[in-house]
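entry.txt (compact mmCIF, C-alpha atoms and all ligand atoms) appears below.
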# COMPACT_ATOMS: atom_id res chain seq x y z
CA MET L 1 8.55 6.45 -9.47
CA ILE L 2 5.67 4.63 -11.17
CA GLY L 3 2.46 6.22 -12.44
CA ILE L 4 -0.94 4.55 -12.26
CA PHE L 5 -3.79 5.45 -14.56
CA GLY L 6 -7.05 3.55 -14.04
CA GLY L 7 -10.01 3.63 -16.39
CA THR L 8 -12.68 1.75 -18.24
CA PHE L 9 -10.97 2.46 -21.58
CA ASP L 10 -14.20 1.77 -23.47
CA PRO L 11 -12.43 2.57 -25.79
CA ILE L 12 -8.97 4.02 -25.04
CA HIS L 13 -8.49 7.38 -26.82
CA TYR L 14 -5.97 10.20 -27.31
CA GLY L 15 -7.23 12.03 -24.19
CA HIS L 16 -5.96 9.10 -22.06
CA LEU L 17 -2.83 8.54 -24.11
CA ARG L 18 -1.73 12.18 -24.25
CA SER L 19 -2.17 12.57 -20.45
CA ALA L 20 -0.27 9.34 -19.74
CA LEU L 21 2.64 10.36 -21.95
CA GLU L 22 2.76 13.89 -20.60
CA VAL L 23 2.86 12.81 -16.92
CA LYS L 24 5.44 10.15 -17.75
CA GLU L 25 7.76 12.87 -19.03
CA SER L 26 6.95 15.70 -16.63
CA PHE L 27 7.27 13.49 -13.50
CA ASP L 28 10.17 11.53 -14.99
CA LEU L 29 8.36 8.25 -14.29
CA THR L 30 9.93 4.87 -14.94
CA GLU L 31 6.62 3.76 -16.43
CA VAL L 32 2.90 4.50 -16.43
CA ARG L 33 0.63 1.53 -15.78
CA LEU L 34 -2.75 1.66 -17.47
CA ILE L 35 -5.11 -0.44 -15.37
CA PRO L 36 -8.36 -1.40 -17.09
CA CYS L 37 -11.27 -1.70 -14.72
CA ALA L 38 -13.37 -4.86 -14.71
CA ASN L 39 -16.42 -3.84 -12.78
CA PRO L 40 -16.41 -0.08 -12.16
CA PRO L 41 -18.25 0.81 -8.93
CA HIS L 42 -19.15 4.40 -9.97
CA ARG L 43 -20.70 4.00 -13.39
CA ASN L 44 -22.62 1.84 -15.85
CA GLN L 45 -20.95 -1.38 -16.86
CA PRO L 46 -18.70 -1.14 -19.95
CA SER L 47 -20.45 -1.94 -23.22
CA VAL L 48 -17.55 -4.05 -24.53
CA SER L 49 -15.99 -7.12 -22.89
CA ALA L 50 -12.91 -6.79 -20.72
CA ASN L 51 -10.93 -8.86 -23.18
CA MET L 52 -11.76 -6.56 -26.09
CA ARG L 53 -11.01 -3.40 -24.09
CA LEU L 54 -7.68 -4.99 -23.22
CA GLN L 55 -6.92 -5.80 -26.86
CA MET L 56 -7.65 -2.18 -27.83
CA LEU L 57 -5.26 -0.98 -25.09
CA GLU L 58 -2.56 -3.30 -26.43
CA LEU L 59 -2.96 -1.90 -29.94
CA ALA L 60 -2.92 1.70 -28.64
CA ILE L 61 0.34 1.51 -26.67
CA LYS L 62 2.27 -0.83 -28.95
CA ASN L 63 4.94 1.72 -29.86
CA GLN L 64 5.20 3.51 -26.49
CA PRO L 65 7.73 1.69 -24.31
CA GLY L 66 6.98 3.80 -21.18
CA LEU L 67 3.30 2.86 -21.14
CA LYS L 68 2.40 -0.57 -19.71
CA ILE L 69 -0.83 -2.48 -19.16
CA ASP L 70 -1.48 -3.94 -15.74
CA THR L 71 -4.32 -6.48 -15.70
CA ARG L 72 -4.67 -7.00 -11.96
CA GLU L 73 -8.23 -5.64 -11.80
CA LEU L 74 -9.32 -7.95 -14.61
CA ASP L 75 -7.49 -10.90 -13.01
CA ARG L 76 -9.15 -10.21 -9.66
CA HIS L 77 -12.51 -10.07 -11.40
CA THR L 78 -11.97 -13.45 -13.07
CA LYS L 79 -11.62 -14.95 -9.62
CA SER L 80 -14.68 -13.23 -8.19
CA CYS L 81 -17.16 -11.63 -10.58
CA GLU L 82 -19.13 -9.93 -7.83
CA VAL L 83 -16.27 -7.85 -6.48
CA PRO L 84 -16.20 -4.25 -7.77
CA SER L 85 -12.83 -2.84 -8.89
CA TYR L 86 -12.02 -0.73 -5.85
CA MET L 87 -8.93 1.42 -6.36
CA VAL L 88 -7.87 0.93 -2.75
CA ASP L 89 -7.52 -2.83 -3.35
CA THR L 90 -5.57 -2.18 -6.54
CA LEU L 91 -3.14 0.16 -4.78
CA LYS L 92 -2.73 -2.27 -1.88
CA SER L 93 -1.80 -5.03 -4.30
CA LEU L 94 0.58 -2.76 -6.26
CA ARG L 95 2.25 -1.77 -2.99
CA GLN L 96 2.76 -5.44 -2.09
CA ASP L 97 4.43 -6.08 -5.45
CA LEU L 98 6.46 -2.89 -5.68
CA LYS L 99 7.64 -2.62 -2.05
CA ASP L 100 9.21 0.84 -1.45
CA GLU L 101 8.65 2.24 -4.94
CA ILE L 102 7.11 5.73 -5.12
CA LEU L 103 3.60 5.23 -6.51
CA VAL L 104 1.57 8.03 -8.06
CA LEU L 105 -2.10 7.63 -8.86
CA PHE L 106 -3.25 10.09 -11.55
CA ILE L 107 -6.91 11.10 -11.62
CA GLY L 108 -8.86 13.71 -13.56
CA SER L 109 -10.19 16.77 -11.72
CA ASP L 110 -13.76 15.49 -12.22
CA ALA L 111 -12.84 12.22 -10.52
CA PHE L 112 -11.18 14.18 -7.69
CA LYS L 113 -14.46 15.96 -6.94
CA GLN L 114 -16.01 12.50 -6.30
CA LEU L 115 -13.01 11.10 -4.44
CA THR L 116 -14.59 11.19 -0.99
CA SER L 117 -17.27 8.78 -2.25
CA TRP L 118 -14.68 6.14 -3.22
CA HIS L 119 -14.46 3.02 -1.06
CA GLN L 120 -12.00 3.63 1.81
CA TRP L 121 -10.78 6.80 0.06
CA GLN L 122 -8.59 7.97 2.93
CA GLN L 123 -6.57 4.76 2.75
CA LEU L 124 -5.60 5.49 -0.87
CA PHE L 125 -2.96 7.83 0.56
CA ASP L 126 -1.43 4.99 2.60
CA TYR L 127 -0.34 3.34 -0.64
CA ALA L 128 0.24 6.12 -3.19
CA HIS L 129 0.47 9.84 -3.84
CA ILE L 130 -2.49 11.26 -5.73
CA VAL L 131 -1.95 13.73 -8.55
CA VAL L 132 -5.00 15.52 -9.88
CA LEU L 133 -4.78 16.37 -13.58
CA THR L 134 -6.14 19.86 -14.06
CA ARG L 135 -6.81 22.22 -16.90
CA PRO L 136 -5.23 25.70 -16.92
CA GLY L 137 -7.18 27.96 -14.56
CA PHE L 138 -8.54 25.06 -12.46
CA VAL L 139 -9.37 26.11 -8.90
CA ALA L 140 -9.63 23.26 -6.42
CA GLY L 141 -12.01 25.25 -4.21
CA GLN L 142 -11.92 24.90 -0.47
CA LEU L 143 -10.01 21.72 0.34
CA ASP L 144 -10.89 20.09 3.61
CA ASP L 145 -8.26 19.62 6.31
CA PHE L 146 -7.51 16.02 5.32
CA PHE L 147 -6.41 17.17 1.85
CA LYS L 148 -4.75 20.40 3.03
CA ALA L 149 -2.47 18.40 5.33
CA ARG L 150 -1.28 16.36 2.35
CA LEU L 151 -1.07 19.08 -0.30
CA ALA L 152 2.35 19.42 -1.95
CA LYS L 153 3.19 22.82 -3.46
CA GLU L 154 5.99 21.53 -5.68
CA SER L 155 6.09 18.25 -7.58
CA ASN L 156 9.54 17.40 -6.21
CA GLU L 157 7.97 16.89 -2.76
CA LEU L 158 6.57 13.61 -4.13
CA ALA L 159 10.07 12.15 -4.28
CA GLN L 160 10.50 12.52 -0.51
CA THR L 161 8.09 9.71 0.50
CA SER L 162 6.65 6.71 -1.29
CA ALA L 163 3.00 7.74 -0.69
CA GLY L 164 0.71 10.18 1.09
CA LYS L 165 0.83 13.50 -0.80
CA LEU L 166 -1.72 15.30 -2.95
CA PHE L 167 -0.58 17.42 -5.88
CA MET L 168 -2.41 19.40 -8.57
CA ALA L 169 -0.71 19.17 -11.96
CA GLN L 170 -1.59 21.04 -15.14
CA VAL L 171 -1.62 18.89 -18.26
CA THR L 172 -2.90 19.31 -21.79
CA GLN L 173 -6.40 17.91 -21.62
CA LEU L 174 -7.89 17.11 -24.98
CA ASP L 175 -11.65 17.40 -24.97
CA ILE L 176 -12.23 13.77 -25.94
CA SER L 177 -14.36 11.23 -24.09
CA ALA L 178 -15.13 7.58 -24.72
CA THR L 179 -18.84 8.43 -24.47
CA ALA L 180 -18.54 10.91 -27.37
CA ILE L 181 -16.60 8.34 -29.42
CA ARG L 182 -19.26 5.65 -28.83
CA ASN L 183 -21.94 8.13 -29.94
CA ILE L 184 -20.02 9.09 -33.08
CA ILE L 185 -19.67 5.42 -34.07
CA ALA L 186 -23.34 4.66 -33.33
CA LYS L 187 -24.27 7.54 -35.68
CA LYS L 188 -22.02 5.93 -38.32
CA HIS L 189 -19.76 9.01 -38.31
CA ASN L 190 -15.99 8.89 -38.51
CA PRO L 191 -14.09 8.86 -35.15
CA GLY L 192 -10.78 9.55 -36.93
CA TYR L 193 -8.13 11.61 -35.07
CA LEU L 194 -9.82 10.98 -31.67
CA LEU L 195 -8.15 7.60 -31.10
CA PRO L 196 -5.40 5.55 -32.76
CA ASP L 197 -6.10 4.16 -36.23
CA ALA L 198 -5.29 0.61 -35.09
CA VAL L 199 -8.03 0.87 -32.46
CA ILE L 200 -10.51 2.25 -35.01
CA LYS L 201 -9.69 -0.68 -37.29
CA TYR L 202 -10.30 -3.14 -34.44
CA ILE L 203 -13.64 -1.48 -33.59
CA LYS L 204 -14.77 -1.72 -37.22
CA LYS L 205 -13.63 -5.30 -37.63
CA ASN L 206 -15.50 -6.40 -34.51
CA LYS L 207 -18.51 -4.12 -35.14
CA LEU L 208 -18.24 -2.52 -31.71
CA TYR L 209 -20.37 0.42 -30.48
CA GLU L 210 -22.74 0.25 -33.47
CA THR L 211 -25.67 0.68 -31.13
CA ILE L 212 -25.70 2.67 -27.90
P1 LIG L 301 -16.53 7.65 -20.51
O1 LIG L 301 -16.85 8.77 -21.47
O2 LIG L 301 -17.01 6.31 -20.96
O3 LIG L 301 -16.94 7.99 -19.08
P2 LIG L 301 -13.73 8.47 -20.37
O4 LIG L 301 -13.38 8.98 -21.72
O5 LIG L 301 -13.98 9.50 -19.30
O6 LIG L 301 -14.94 7.45 -20.48
P3 LIG L 301 -12.41 6.57 -18.63
O7 LIG L 301 -11.86 5.29 -19.10
O8 LIG L 301 -13.63 6.54 -17.80
O9 LIG L 301 -12.60 7.49 -19.94
O10 LIG L 301 -11.30 7.45 -17.89
C1 LIG L 301 -10.12 6.96 -17.33
C2 LIG L 301 -9.33 8.09 -16.73
O11 LIG L 301 -8.93 8.97 -17.78
C3 LIG L 301 -10.09 8.97 -15.72
O12 LIG L 301 -9.19 9.32 -14.67
C4 LIG L 301 -10.47 10.19 -16.51
O13 LIG L 301 -10.56 11.34 -15.68
C5 LIG L 301 -9.29 10.30 -17.48
N1 LIG L 301 -9.67 10.92 -18.75
C6 LIG L 301 -10.71 10.63 -19.55
N2 LIG L 301 -10.74 11.41 -20.63
C7 LIG L 301 -9.66 12.24 -20.53
C8 LIG L 301 -9.15 13.31 -21.34
N3 LIG L 301 -9.74 13.69 -22.46
N4 LIG L 301 -8.03 13.92 -20.91
C9 LIG L 301 -7.44 13.55 -19.75
N5 LIG L 301 -7.87 12.57 -18.94
C10 LIG L 301 -8.97 11.92 -19.31
Show how you would write the structure in this file as structure tokens.
Ligand code: ATP
Amino acid sequence: MIGIFGGTFDPIHYGHLRSALEVKESFDLTEVRLIPCANPPHRNQPSVSANMRLQMLELAIKNQPGLKIDTRELDRHTKSCEVPSYMVDTLKSLRQDLKDEILVLFIGSDAFKQLTSWHQWQQLFDYAHIVVLTRPGFVAGQLDDFFKARLAKESNELAQTSAGKLFMAQVTQLDISATAIRNIIAKKHNPGYLLPDAVIKYIKKNKLYETI
């Protein structure tokens, strides 16, 4: 079973890293693939180049063997700069590479609320399970029939098929966002303890995020 964690990672921080590590262990995943987005369809363009975001990811996961970087969205973008990074295309391409492997896409509960606006969102379930990372006390609200039909009550149901289920999983969510980190740096404050020291060093050396 392989986990997939997409994001802009502008920059990567302990909120991402803690969630990735926790799902790796609680779902007993072979690996978690962090997939940096080239051209996110749902938000402003990243303030730092893809190459620099990738280098920060490399520094952040250096000593975590279960966390891997998958550059397929960046590679696709190099070939065609106009194409947004649609998750459905990413999952399709992972499925081609990984054949019958169980694939689990992890998304935050905020992202889940927007899921029905994603390009070809229903097809996501053809290629992977989706696990929504929730905080304690999270209530999904009224799920529509499409989701209800796919909802797994226990996490072990995910092992029964390679794709197609929806599951709500509680994880420790640290209240850290890349936006807050960029603001702290622009104010010349210290972002220490919000992201790995090696990443902070890289940001300083390259003078990143000094203006918003
Ligand atoms: P920004 O503030 O620039 O929007 P972000 O901190 O939300 O960035 P992204 O790279 O956009 O980070 O997020 C990638 C994925 O990580 C998303 O699925 C998002 O829900 C999740 N995520 C972001 N921050 C946290 C956090 N503190 N804890 C758990 N998951 C997080």
Taking all atoms listed in the file into account, which of L:Ser162, L:Gln96, L:Gln120, L:Asn183 comes nearest ligand LIG 301 (chain L)?
->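 Among L:Ser162, L:Gln96, L:Gln120, L:Asn183, it is L:Asn183 that comes nearest to ligand LIG 301 (chain L).
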With distances taken over all atoms listed in the file, which of L:Pro191, L:Gly108, L:Gly141, L:Gly164 is nearest to L:Asp126?
-> L:Gly164
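Distance annotation: of L:Lys207, L:Arg33, L:Arg76, L:Lys187, the residue with the minimal separation from ligand LIG 301 (chain L) is L:Arg33; atom set is all atoms listed in the file.
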Considering all atoms listed in the file, return as a ChimeraX atom specification whatever protein or nucleic-acid residues lie within 7 Å of stretch 172-182 of chain L, sequence-local ones (same chain, fewer than 5 positions apart) excluded.
-> /L:10-11,13,15,19,135,191,194,209
Would you mind reading off the distance between atom O11 of ligand LIG 301 (chain L) and atom CA of L:Phe112, one decimal, in Å?
->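 Between atom O11 of ligand LIG 301 (chain L) and atom CA of L:Phe112 the gap works out to 11.6 Å.
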With all atoms listed in the file as the basis for distance, which of L:Leu67, L:Leu21, L:Leu115, L:Ala38 is at the shortest distance from L:Gly7?
->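 Residue with the minimum atom-to-atom distance to L:Gly7: L:Ala38.
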Just give me the gap between atom C4 of ligand LIG 301 (chain L) and atom CA of L:Ser49 in Å, one decimal is fine.
->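 For atom C4 of ligand LIG 301 (chain L) relative to atom CA of L:Ser49, the distance reads 19.3 Å.
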Could you tell me which of L:Leu195, L:Met56, L:Gly6, L:Ser155 comes closest to L:Ala111 if we count all atoms listed in the file?
-> L:Gly6
From the list L:Phe27, L:Asp100, L:Glu58, L:Val48, the nearest residue to L:Phe167 using only C-alpha atoms is L:Phe27
Please determine the residues with any atom at most 9 Å from (-0.6, 0.8, -14.7) (coordinates as given in the file, with all atoms listed in the file counting) and report them as a PyMOL selection string.
-> chain L and resi 2-6+31-36+67-71
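Here atom CA of L:Leu105 and atom CA of L:Leu91 stand 8.6 Å from one another.
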Shell of 7 Å around L:Pro196, all atoms listed in the file, local chain residues under 2 positions omitted, as a PyMOL selection string | chain L and resi 13+60+198-200
May I have the centre and edge lengths, in Å to one decimal, of an axis-aligned box around the listed atoms of stretch 6-22 of chain L with 4 Å added to every side, as AutoDock Vina command-line options?
--center_x -5.7 --center_y 7.8 --center_z -20.7 --size_x 25.0 --size_y 20.1 --size_z 21.3
